[in-house]
Amino acid sequence: NSMGNNGENYGSNQGFSGHQFAVGNSGVMGGNPGDGMASSASTMQPSGGTPTTPYSNPSQVMPNSGGGSITQYYSPPPSHVHQQTATTASPQVIQGNGYQQQQAMYQTMQQQNPSSQQHQNIPMRQPILTQQANQASVSNRYNQSQIQKPPYPPYTQNETSNQAADSGGGSYAARSAQAYASMGSPPSTTVPPTSSTTPAIPTAQATPSMNPQVSIKGSKYDDAPSVQAQQNRILTDCTRKVQEHAYYMKQAMDKGELATVLDRASQMVGELGDMSSGNLTPKNYYELYMRALDDMPNLEDYFLSLAGNQTISYTMKNIYEHVQYCPRVLSRLYLQISAGSALIRSKEETAQWVLTDLIDAAKCVQNPLRGLFLRHFLLQATRDKLPDGDAVKDAYEFVLANFIEMNKLWVRIQHLPGDGKTKDQRKKRERERNELRILVGTNLVRLSQLEGVTSKIYGDVILPKILEQITVCGDPLAQAYLIDCIIQVFPDEYHIETLPILLAVCPKLRDKVNIRTIMQSLMDRLANFYAEEELLDEKDANEVKKTVAQESFPLFEDCVQQVYHARGPKLVSKEVIRLQTALLNFSLKCFPGNMDQVSNCLGVCLEFIRQAATSPAPDALNLPPVSDDSINLDEASVSELQKMLSVPLDSLALKVLQLNHYSALLKFLPLDSRRDVGMTMLRAIDASGDAPTDLKELKELFNILQPVIQGPDNTDGLSETRLEKMEEENNLVSKLIYLLESNDIEMAFEMLTIARSHLRQASGPRLQSTLVPVVFAAFRIVRQLYAESQIETKDEQLEKKSDLEDSAKSEEEQTDKAAEDLATEKDEEENPPTEASDDDKKTPDASEPEKSVEADIDSDTKVESKSSLSTRDVFLFIQSTIAMLSSGSPELGLKLYSIAALSSDSMAEAGSSGDFLTQATHELLTQSFALYDDIDDYLTQQRCIINMVGTLLATKSIAKEQFEKFTTKLTQFAAKLMRKQDQCRMVLLCSHLFYAVGKGMSGYKNPKRTLECLQRSLKLADASAMSSSSNFTLFVDLLEQYVYFFEEENPVITNAYVSGLIALIGEHLDSLIDSHVSVEGQAHFNEVLDYIRRKKKADDTAERFAQIKI
């Protein structure tokens, strides 16, 4: 190998009988294939001179195009015509057999077409020159009459990359972005078009990780603005030169000047090996690469057109050999690849021969960046020409060889000489390599697209070679990316058959490689494959897929264990939990309901956490155990453990309570994380609608939900988000309480008792919100007990009825028997009784004791079947539960006491345990009235009075004396309100308590007390109207109530009261000043008067309302 100033290049061609390398000024080597020698041509250009065209004349000296300034060689042609003069020195020629054969071929071609100008321009390989060869002074090689000027002004340093765009359409940056966007399309199988569009890089569309990361915005490793400006300047300069050479190449193609075409093409792609382009970053080099190769498909088609021209006698193989005489290695290889692609299309040589020659020739470039892009061009140029089918071996061997070399070059970028020892530079190179990773992955994509590659070939040949290269390279970035490429690009069936081989390499990867992402990607592929197969409902005759599915989980589990042992103490708890979470997800997707696998994953995590707390080494098993309460996980491990414990909740819901290690792992989480897990469980329960079926599950469930139940003491200072979350928590806990049902009433009551024992540990708003569902769930049990008691009552009534019928029947039988005895006494004297008749008499007597025994058995069975739970127990439970939450919210407790009183009253009225239920109603009402004294807010007091009035009106079971006590006390509450207008309204409302009429009312009537309430309200209304005219409407409300009681035939409410109040309201209306109040009050007053007029006209009420004066 020989090192040049411009990069790492060595000349190595197949067919060398010996290896001799010479170094030129620019570090560009030239190799002569087949002649057994290596040569180098080094010419120094005089100032302002122009080199000769290496393809213009076989007798001219070939200059080394690597030296000198590229702008000197390819400046725009002058306005006048230069005469071509040349002064050449006699070189010292070292001729071999290879050169003589090439010279003879050239002479033969000249003799066949002596008049063709194109034949004169066909270049042949020049003799090998010594470094002492004299230089040639040559004038400009281009004639103005032959080549026109480009359609853009001469290049200046101030031009930007957008100004350097060619006339083909749009800036190169736009086309480059478009090329990046089209990388997901599969390669075309047709001949490349003659347009200037470079074929897109094929890649797996479904692989997010294979999308190229062109730039990382905002990264701290971005280049400084000055460096970016320099990069843009170099890119613009090189792009302009590439466009210039491409323009002249197209002009020469149109005129049929092959020498000029090859010269311009070599200089166009030669920009990729120029000194200035070597300073470009990989991203900018990729843009230059895309632009330089835009016209290579046109060049390939041009080669084919020459070979197919009937007026020309040479073949495509002649052109393929001819382009190898380019003196610059990089340019020669790009031209050779293009010509080789055309040679395969022409079918003059087999694809195997061409591919072997090209893959060996590409070894000449060992510069990592240039070699990587060169081999990528080789793969793209031959992607639709690879042999497939029976000859697929040649294709995958070619791609594998190219992949191995590209991977080596890609890894070497990280270790290039320079200032790469600092952390920033290492990160920068990793970022640059990450941008180039798709070039290497394209080989794997192409392998997956070969139709002739079967699963056997993949498992026996392709996969082992790829995995071997991945393991040997030892680069974390390459290992992670290439394993991910394998998983994403190859079919699922291949992964199923080669799963042990693929998993065996995971423990051999570097420690920096994230095994979890690799395994998770593979698990997701297999899980989706199983799901799709189930949707397609394909028949698995031999149950191969089912067997593989059952065996895949142990394979993954064993791989994880091998990773644990391989990495040892370097493996932290976070990664262990992540790996087990991936296994858990895979198990739940592919094997739903397999509790053993889920428990196994949880057990591994629990064991590792305990071992890690005992010793840094996970293998230390003989140390004394550490209490779980004293183990503190780091923040990342806590987050991962929380995710893991939340995973099975969506599919298993309450079945997680049956897992062995779930509750133990939950203890390692802090309070907030346990609250989140509890919320996830509540959501899963709400979605599934399932509830615990036994008391043990319920206790364990509430132990898990304990962080959710324990809310803050008050809501002061809490954010709006936290308040919304608290509301969601309360709602989910309430839904859980309503789900606690059972066919066994005692079991349901025990569940409520357990729930209350856990919920009472809360405080503040949480206690008030969660105990209310317990009360209403207890009401449901009370109704069930009541329904059972009603059924038992009906059964008892039926038994009594049947007993009466039996007794009547027995009396009739006794009467008939006495009559028969009298008749038999007369016959006994004539006919004495026989033995048979004695037996007949004893038969009915023997049957009687059997019936009594059966009755005793039935009665015992009924006693045992009766539930030991009574309505008394449930109402005591309700009373104590309401007392728990009444201290924090008296209004809520008062309402619940009222509801409970109505429930017991309705049962007492129906005759079910009447004495106790009547006492319970009285006690519940007494406690609700006692809570009123704890309420200070006057608005709350009004709401409570309205609620208690409605409750008293609906009660029917309490005694009259007790009812009067409650109504009197409630009226006193109304009369003691803070504002007079409120007193007026509430006392007016209490008047209904003393004259309760209508369906569902208590039926209590005390007309005098009703009149007292109305008169009291009238005084309060008058006092309120004097203080504020807005209280005028109180009189109208009072009139409405007078009319109501008058219509209900209250004896003390006469027409005089109604007529007098109407007159009083009329006087007040005349004295009102506030127009708004007068209009509102007048409207209400008119409605009441209209109602009275209608009643006067009605037949059934006309007589009673006739005496009312309006």
# chains A, B, ... in the order shown; residues from 1 in each chain; ligands from 1
$ select_by_dssp --residues "range 372-600 of chain A" --states "alpha helix (DSSP H)" --output "JSON, numbers by chain"
{"A": [372, 373, 374, 375, 376, 377, 378, 379, 380, 381, 392, 393, 394, 395, 396, 397, 398, 399, 400, 401, 402, 403, 404, 405, 406, 407, 408, 409, 410, 411, 412, 423, 424, 425, 426, 427, 428, 429, 430, 431, 432, 433, 434, 435, 436, 437, 438, 439, 440, 441, 442, 443, 444, 445, 446, 447, 448, 455, 456, 457, 463, 464, 465, 466, 467, 468, 469, 470, 471, 472, 473, 476, 477, 478, 479, 480, 481, 482, 483, 484, 485, 486, 487, 488, 489, 492, 493, 494, 495, 496, 497, 499, 500, 501, 502, 503, 504, 515, 516, 517, 518, 519, 520, 521, 522, 523, 524, 525, 526, 527, 528, 529, 530, 531, 532, 533, 534, 535, 536, 544, 545, 546, 547, 548, 549, 550, 551, 552, 553, 554, 555, 556, 557, 558, 559, 560, 561, 562, 563, 564, 565, 566, 567, 573, 574, 575, 576, 577, 578, 579, 580, 581, 582, 583, 584, 585, 586, 587, 588, 589, 590, 595, 596, 597, 598, 599, 600]}
$ residues_around --residues "Tyr932 in chain A" --least-positions-apart "5" --cutoff "10 Å" --atoms "only C-alpha atoms" --output "count of residues only"
12
$ residues_around --residues "range 447-462 of chain A" --least-positions-apart "2" --cutoff "7 Å" --atoms "only C-alpha atoms" --output "PDB file with all heavy atoms, in the first residue's frame"
ATOM      1  N   ASP A 388     -30.496 -13.164 -10.453  1.00  0.00           N
ATOM      2  CA  ASP A 388     -31.438 -13.689  -9.472  1.00  0.00           C
ATOM      3  C   ASP A 388     -31.890 -15.067  -9.932  1.00  0.00           C
ATOM      4  O   ASP A 388     -31.510 -15.548 -11.006  1.00  0.00           O
ATOM      5  CB  ASP A 388     -32.629 -12.744  -9.324  1.00  0.00           C
ATOM      6  CG  ASP A 388     -33.224 -12.806  -7.931  1.00  0.00           C
ATOM      7  OD1 ASP A 388     -33.007 -13.817  -7.247  1.00  0.00           O
ATOM      8  OD2 ASP A 388     -33.916 -11.846  -7.536  1.00  0.00           O
ATOM      9  N   GLY A 389     -32.694 -15.699  -9.126  1.00  0.00           N
ATOM     10  CA  GLY A 389     -33.164 -17.022  -9.490  1.00  0.00           C
ATOM     11  C   GLY A 389     -32.105 -18.070  -9.228  1.00  0.00           C
ATOM     12  O   GLY A 389     -31.574 -18.192  -8.116  1.00  0.00           O
ATOM     13  N   ASP A 390     -31.764 -18.839 -10.250  1.00  0.00           N
ATOM     14  CA  ASP A 390     -30.782 -19.915 -10.086  1.00  0.00           C
ATOM     15  C   ASP A 390     -29.383 -19.377  -9.813  1.00  0.00           C
ATOM     16  O   ASP A 390     -28.580 -20.030  -9.136  1.00  0.00           O
ATOM     17  CB  ASP A 390     -30.760 -20.792 -11.351  1.00  0.00           C
ATOM     18  CG  ASP A 390     -32.099 -21.488 -11.571  1.00  0.00           C
ATOM     19  OD1 ASP A 390     -32.831 -21.655 -10.580  1.00  0.00           O
ATOM     20  OD2 ASP A 390     -32.400 -21.832 -12.732  1.00  0.00           O
ATOM     21  N   VAL A 392     -28.589 -16.781  -8.078  1.00  0.00           N
ATOM     22  CA  VAL A 392     -28.657 -15.803  -7.001  1.00  0.00           C
ATOM     23  C   VAL A 392     -27.424 -15.851  -6.112  1.00  0.00           C
ATOM     24  O   VAL A 392     -27.123 -14.883  -5.400  1.00  0.00           O
ATOM     25  CB  VAL A 392     -29.942 -16.041  -6.175  1.00  0.00           C
ATOM     26  CG1 VAL A 392     -29.815 -17.313  -5.330  1.00  0.00           C
ATOM     27  CG2 VAL A 392     -30.246 -14.852  -5.277  1.00  0.00           C
ATOM     28  N   TYR A 396     -25.859 -12.572  -4.096  1.00  0.00           N
ATOM     29  CA  TYR A 396     -25.714 -12.299  -2.659  1.00  0.00           C
ATOM     30  C   TYR A 396     -24.258 -12.335  -2.212  1.00  0.00           C
ATOM     31  O   TYR A 396     -23.897 -11.687  -1.243  1.00  0.00           O
ATOM     32  CB  TYR A 396     -26.606 -13.222  -1.831  1.00  0.00           C
ATOM     33  CG  TYR A 396     -26.271 -14.693  -1.806  1.00  0.00           C
ATOM     34  CD1 TYR A 396     -25.142 -15.173  -1.149  1.00  0.00           C
ATOM     35  CD2 TYR A 396     -27.116 -15.617  -2.404  1.00  0.00           C
ATOM     36  CE1 TYR A 396     -24.857 -16.524  -1.106  1.00  0.00           C
ATOM     37  CE2 TYR A 396     -26.846 -16.976  -2.358  1.00  0.00           C
ATOM     38  CZ  TYR A 396     -25.713 -17.432  -1.718  1.00  0.00           C
ATOM     39  OH  TYR A 396     -25.429 -18.766  -1.664  1.00  0.00           O
ATOM     40  N   VAL A 399     -23.123  -8.763  -2.984  1.00  0.00           N
ATOM     41  CA  VAL A 399     -23.644  -7.791  -2.027  1.00  0.00           C
ATOM     42  C   VAL A 399     -23.010  -7.986  -0.658  1.00  0.00           C
ATOM     43  O   VAL A 399     -22.685  -7.010   0.039  1.00  0.00           O
ATOM     44  CB  VAL A 399     -25.175  -7.891  -1.944  1.00  0.00           C
ATOM     45  CG1 VAL A 399     -25.724  -6.889  -0.934  1.00  0.00           C
ATOM     46  CG2 VAL A 399     -25.804  -7.644  -3.303  1.00  0.00           C
ATOM     47  N   ASN A 443     -27.180  -2.231   1.629  1.00  0.00           N
ATOM     48  CA  ASN A 443     -26.775  -3.580   1.222  1.00  0.00           C
ATOM     49  C   ASN A 443     -27.735  -4.627   1.769  1.00  0.00           C
ATOM     50  O   ASN A 443     -28.114  -5.571   1.066  1.00  0.00           O
ATOM     51  CB  ASN A 443     -25.350  -3.858   1.720  1.00  0.00           C
ATOM     52  CG  ASN A 443     -24.317  -2.995   1.041  1.00  0.00           C
ATOM     53  OD1 ASN A 443     -23.824  -3.322  -0.037  1.00  0.00           O
ATOM     54  ND2 ASN A 443     -23.973  -1.882   1.657  1.00  0.00           N
ATOM     55  N   LEU A 444     -28.132  -4.471   3.031  1.00  0.00           N
ATOM     56  CA  LEU A 444     -29.052  -5.432   3.626  1.00  0.00           C
ATOM     57  C   LEU A 444     -30.430  -5.335   2.987  1.00  0.00           C
ATOM     58  O   LEU A 444     -31.118  -6.352   2.810  1.00  0.00           O
ATOM     59  CB  LEU A 444     -29.145  -5.197   5.130  1.00  0.00           C
ATOM     60  CG  LEU A 444     -27.822  -5.286   5.901  1.00  0.00           C
ATOM     61  CD1 LEU A 444     -28.059  -5.070   7.385  1.00  0.00           C
ATOM     62  CD2 LEU A 444     -27.144  -6.616   5.654  1.00  0.00           C
ATOM     63  N   VAL A 445     -30.826  -4.129   2.644  1.00  0.00           N
ATOM     64  CA  VAL A 445     -32.102  -3.965   1.953  1.00  0.00           C
ATOM     65  C   VAL A 445     -32.077  -4.684   0.604  1.00  0.00           C
ATOM     66  O   VAL A 445     -33.036  -5.363   0.213  1.00  0.00           O
ATOM     67  CB  VAL A 445     -32.437  -2.471   1.779  1.00  0.00           C
ATOM     68  CG1 VAL A 445     -33.713  -2.291   0.983  1.00  0.00           C
ATOM     69  CG2 VAL A 445     -32.560  -1.790   3.123  1.00  0.00           C
ATOM     70  N   PRO A 464     -25.343 -15.790   9.021  1.00  0.00           N
ATOM     71  CA  PRO A 464     -24.090 -15.999   9.770  1.00  0.00           C
ATOM     72  C   PRO A 464     -22.970 -15.055   9.370  1.00  0.00           C
ATOM     73  O   PRO A 464     -22.225 -14.579  10.226  1.00  0.00           O
ATOM     74  CB  PRO A 464     -23.743 -17.457   9.446  1.00  0.00           C
ATOM     75  CG  PRO A 464     -25.052 -18.108   9.131  1.00  0.00           C
ATOM     76  CD  PRO A 464     -25.839 -17.046   8.430  1.00  0.00           C
ATOM     77  N   LYS A 465     -22.855 -14.766   8.064  1.00  0.00           N
ATOM     78  CA  LYS A 465     -21.793 -13.848   7.637  1.00  0.00           C
ATOM     79  C   LYS A 465     -22.044 -12.430   8.144  1.00  0.00           C
ATOM     80  O   LYS A 465     -21.114 -11.741   8.579  1.00  0.00           O
ATOM     81  CB  LYS A 465     -21.689 -13.850   6.109  1.00  0.00           C
ATOM     82  CG  LYS A 465     -21.067 -15.115   5.543  1.00  0.00           C
ATOM     83  CD  LYS A 465     -20.834 -14.989   4.050  1.00  0.00           C
ATOM     84  CE  LYS A 465     -20.154 -16.233   3.489  1.00  0.00           C
ATOM     85  NZ  LYS A 465     -19.912 -16.115   2.026  1.00  0.00           N
ATOM     86  N   ILE A 466     -23.290 -12.000   8.088  1.00  0.00           N
ATOM     87  CA  ILE A 466     -23.603 -10.652   8.580  1.00  0.00           C
ATOM     88  C   ILE A 466     -23.355 -10.559  10.074  1.00  0.00           C
ATOM     89  O   ILE A 466     -22.744  -9.599  10.569  1.00  0.00           O
ATOM     90  CB  ILE A 466     -25.056 -10.290   8.237  1.00  0.00           C
ATOM     91  CG1 ILE A 466     -25.262 -10.237   6.726  1.00  0.00           C
ATOM     92  CG2 ILE A 466     -25.422  -8.942   8.855  1.00  0.00           C
ATOM     93  CD1 ILE A 466     -26.703 -10.003   6.308  1.00  0.00           C
ATOM     94  N   VAL A 489     -35.672  -5.412   7.777  1.00  0.00           N
ATOM     95  CA  VAL A 489     -35.752  -5.563   6.325  1.00  0.00           C
ATOM     96  C   VAL A 489     -36.081  -6.978   5.888  1.00  0.00           C
ATOM     97  O   VAL A 489     -36.652  -7.171   4.798  1.00  0.00           O
ATOM     98  CB  VAL A 489     -34.443  -5.092   5.654  1.00  0.00           C
ATOM     99  CG1 VAL A 489     -34.165  -3.647   5.993  1.00  0.00           C
ATOM    100  CG2 VAL A 489     -33.263  -5.975   6.044  1.00  0.00           C
ATOM    101  N   PHE A 490     -35.744  -7.970   6.696  1.00  0.00           N
ATOM    102  CA  PHE A 490     -35.989  -9.344   6.263  1.00  0.00           C
ATOM    103  C   PHE A 490     -37.375  -9.795   6.711  1.00  0.00           C
ATOM    104  O   PHE A 490     -37.902  -9.316   7.713  1.00  0.00           O
ATOM    105  CB  PHE A 490     -34.908 -10.275   6.813  1.00  0.00           C
ATOM    106  CG  PHE A 490     -33.585 -10.116   6.126  1.00  0.00           C
ATOM    107  CD1 PHE A 490     -32.567  -9.391   6.719  1.00  0.00           C
ATOM    108  CD2 PHE A 490     -33.368 -10.676   4.879  1.00  0.00           C
ATOM    109  CE1 PHE A 490     -31.343  -9.232   6.089  1.00  0.00           C
ATOM    110  CE2 PHE A 490     -32.149 -10.523   4.241  1.00  0.00           C
ATOM    111  CZ  PHE A 490     -31.133  -9.794   4.833  1.00  0.00           C
ATOM    112  N   TYR A 494     -38.467 -15.545   8.010  1.00  0.00           N
ATOM    113  CA  TYR A 494     -37.034 -15.787   8.165  1.00  0.00           C
ATOM    114  C   TYR A 494     -36.616 -15.650   9.621  1.00  0.00           C
ATOM    115  O   TYR A 494     -35.803 -16.426  10.128  1.00  0.00           O
ATOM    116  CB  TYR A 494     -36.234 -14.811   7.298  1.00  0.00           C
ATOM    117  CG  TYR A 494     -36.344 -15.052   5.801  1.00  0.00           C
ATOM    118  CD1 TYR A 494     -37.277 -15.940   5.284  1.00  0.00           C
ATOM    119  CD2 TYR A 494     -35.521 -14.389   4.905  1.00  0.00           C
ATOM    120  CE1 TYR A 494     -37.385 -16.155   3.922  1.00  0.00           C
ATOM    121  CE2 TYR A 494     -35.616 -14.603   3.541  1.00  0.00           C
ATOM    122  CZ  TYR A 494     -36.556 -15.485   3.059  1.00  0.00           C
ATOM    123  OH  TYR A 494     -36.661 -15.703   1.705  1.00  0.00           O
ATOM    124  N   THR A 498     -34.887 -18.523  12.077  1.00  0.00           N
ATOM    125  CA  THR A 498     -33.495 -18.275  12.503  1.00  0.00           C
ATOM    126  C   THR A 498     -33.438 -17.531  13.832  1.00  0.00           C
ATOM    127  O   THR A 498     -32.438 -16.889  14.131  1.00  0.00           O
ATOM    128  CB  THR A 498     -32.771 -17.448  11.421  1.00  0.00           C
ATOM    129  OG1 THR A 498     -33.452 -16.179  11.249  1.00  0.00           O
ATOM    130  CG2 THR A 498     -32.733 -18.183  10.104  1.00  0.00           C
TER     131      THR A 498
END
$ atom_distance --atom1 "CA of Arg516 in chain A" --atom2 "CA of Glu575 in chain A"
7.5 Å
$ closest_residue --among "A:Val1043, A:Val242, A:Met316, A:Ile958" --to "Asp274 in chain A" --atoms "only C-alpha atoms"
A:Val242
$ closest_residue --among "A:Ala777, A:Val440, A:Val472, A:Leu355" --to "Ala755 in chain A" --atoms "only C-alpha atoms"
A:Ala777
$ closest_residue --among "A:Ala391, A:Val874, A:Cys590, A:Ile631" --to "Tyr530 in chain A" --atoms "only C-alpha atoms"
A:Cys590
$ residues_around --residues "range 710-719 of chain A" --least-positions-apart "6" --cutoff "9 Å" --atoms "only C-alpha atoms" --output "compact mmCIF listing (two decimals) with all heavy atoms, in the first residue's frame"
# COMPACT_ATOMS: atom_id res chain seq x y z
N MET A 726 -57.85 15.00 41.00
CA MET A 726 -58.55 14.54 42.20
C MET A 726 -59.99 14.16 41.89
O MET A 726 -60.51 13.16 42.38
CB MET A 726 -58.50 15.61 43.28
CG MET A 726 -57.20 15.72 44.04
SD MET A 726 -57.32 16.87 45.42
CE MET A 726 -58.63 16.13 46.37
N LEU A 759 -61.64 3.32 53.12
CA LEU A 759 -61.97 4.68 52.68
C LEU A 759 -61.99 5.66 53.84
O LEU A 759 -61.74 6.86 53.63
CB LEU A 759 -63.34 4.68 51.98
CG LEU A 759 -63.42 3.92 50.65
CD1 LEU A 759 -64.84 3.91 50.14
CD2 LEU A 759 -62.48 4.51 49.62
N GLN A 761 -59.88 6.05 55.99
CA GLN A 761 -58.53 6.57 56.24
C GLN A 761 -58.26 7.85 55.48
O GLN A 761 -57.27 8.53 55.75
CB GLN A 761 -57.50 5.51 55.86
CG GLN A 761 -57.61 4.23 56.66
CD GLN A 761 -56.60 3.18 56.22
OE1 GLN A 761 -55.68 3.48 55.46
NE2 GLN A 761 -56.76 1.95 56.71
N ALA A 762 -59.11 8.16 54.52
CA ALA A 762 -58.96 9.43 53.79
C ALA A 762 -59.45 10.57 54.66
O ALA A 762 -60.02 10.38 55.74
CB ALA A 762 -59.74 9.37 52.48
N SER A 763 -59.21 11.77 54.17
CA SER A 763 -59.62 12.95 54.93
C SER A 763 -60.04 14.03 53.96
O SER A 763 -59.70 14.01 52.79
CB SER A 763 -58.47 13.45 55.81
OG SER A 763 -57.34 13.77 55.04
N GLY A 764 -60.78 14.99 54.49
CA GLY A 764 -61.17 16.14 53.69
C GLY A 764 -62.14 15.78 52.59
O GLY A 764 -63.02 14.93 52.74
N PRO A 765 -61.98 16.41 51.43
CA PRO A 765 -62.91 16.18 50.31
C PRO A 765 -62.92 14.73 49.83
O PRO A 765 -63.95 14.25 49.36
CB PRO A 765 -62.38 17.12 49.22
CG PRO A 765 -61.55 18.13 49.93
CD PRO A 765 -60.96 17.44 51.10
N ARG A 766 -61.77 14.04 49.92
CA ARG A 766 -61.73 12.65 49.46
C ARG A 766 -62.67 11.77 50.28
O ARG A 766 -63.37 10.91 49.74
CB ARG A 766 -60.29 12.15 49.54
CG ARG A 766 -60.08 10.71 49.11
CD ARG A 766 -60.42 10.50 47.64
NE ARG A 766 -59.77 11.45 46.78
CZ ARG A 766 -58.51 11.34 46.35
NH1 ARG A 766 -57.77 10.32 46.73
NH2 ARG A 766 -58.00 12.24 45.55
N LEU A 767 -62.71 11.97 51.60
CA LEU A 767 -63.60 11.18 52.46
C LEU A 767 -65.06 11.43 52.12
O LEU A 767 -65.87 10.50 52.05
CB LEU A 767 -63.31 11.52 53.92
CG LEU A 767 -64.16 10.79 54.97
CD1 LEU A 767 -63.86 9.31 54.94
CD2 LEU A 767 -63.92 11.37 56.36
$ atom_distance --atom1 "CA of Gly998 in chain A" --atom2 "CA of Leu1020 in chain A"
28.0 Å
$ residues_around --residues "Leu739 in chain A" --least-positions-apart "4" --cutoff "9 Å" --atoms "only C-alpha atoms" --output "list in words"
Gly689, Asp690, Ala691, Pro692, Ser734 and Lys735 of chain A
$ write_last_selection --atoms "C-alpha atoms" --output "PDB file, in the first residue's frame"
ATOM      1  CA  GLY A 689     -66.516  -3.682  34.371  1.00  0.00           C
ATOM      2  CA  ASP A 690     -65.138  -6.487  36.524  1.00  0.00           C
ATOM      3  CA  ALA A 691     -65.095  -6.421  40.296  1.00  0.00           C
ATOM      4  CA  PRO A 692     -63.422  -8.550  42.986  1.00  0.00           C
ATOM      5  CA  SER A 734     -66.939   5.701  43.416  1.00  0.00           C
ATOM      6  CA  LYS A 735     -67.460   3.526  40.326  1.00  0.00           C
TER       7      LYS A 735
END
$ closest_residue --among "A:Leu584, A:Leu1011, A:Arg1016, A:Lys1109" --to "Tyr1042 in chain A" --atoms "only C-alpha atoms"
A:Leu1011
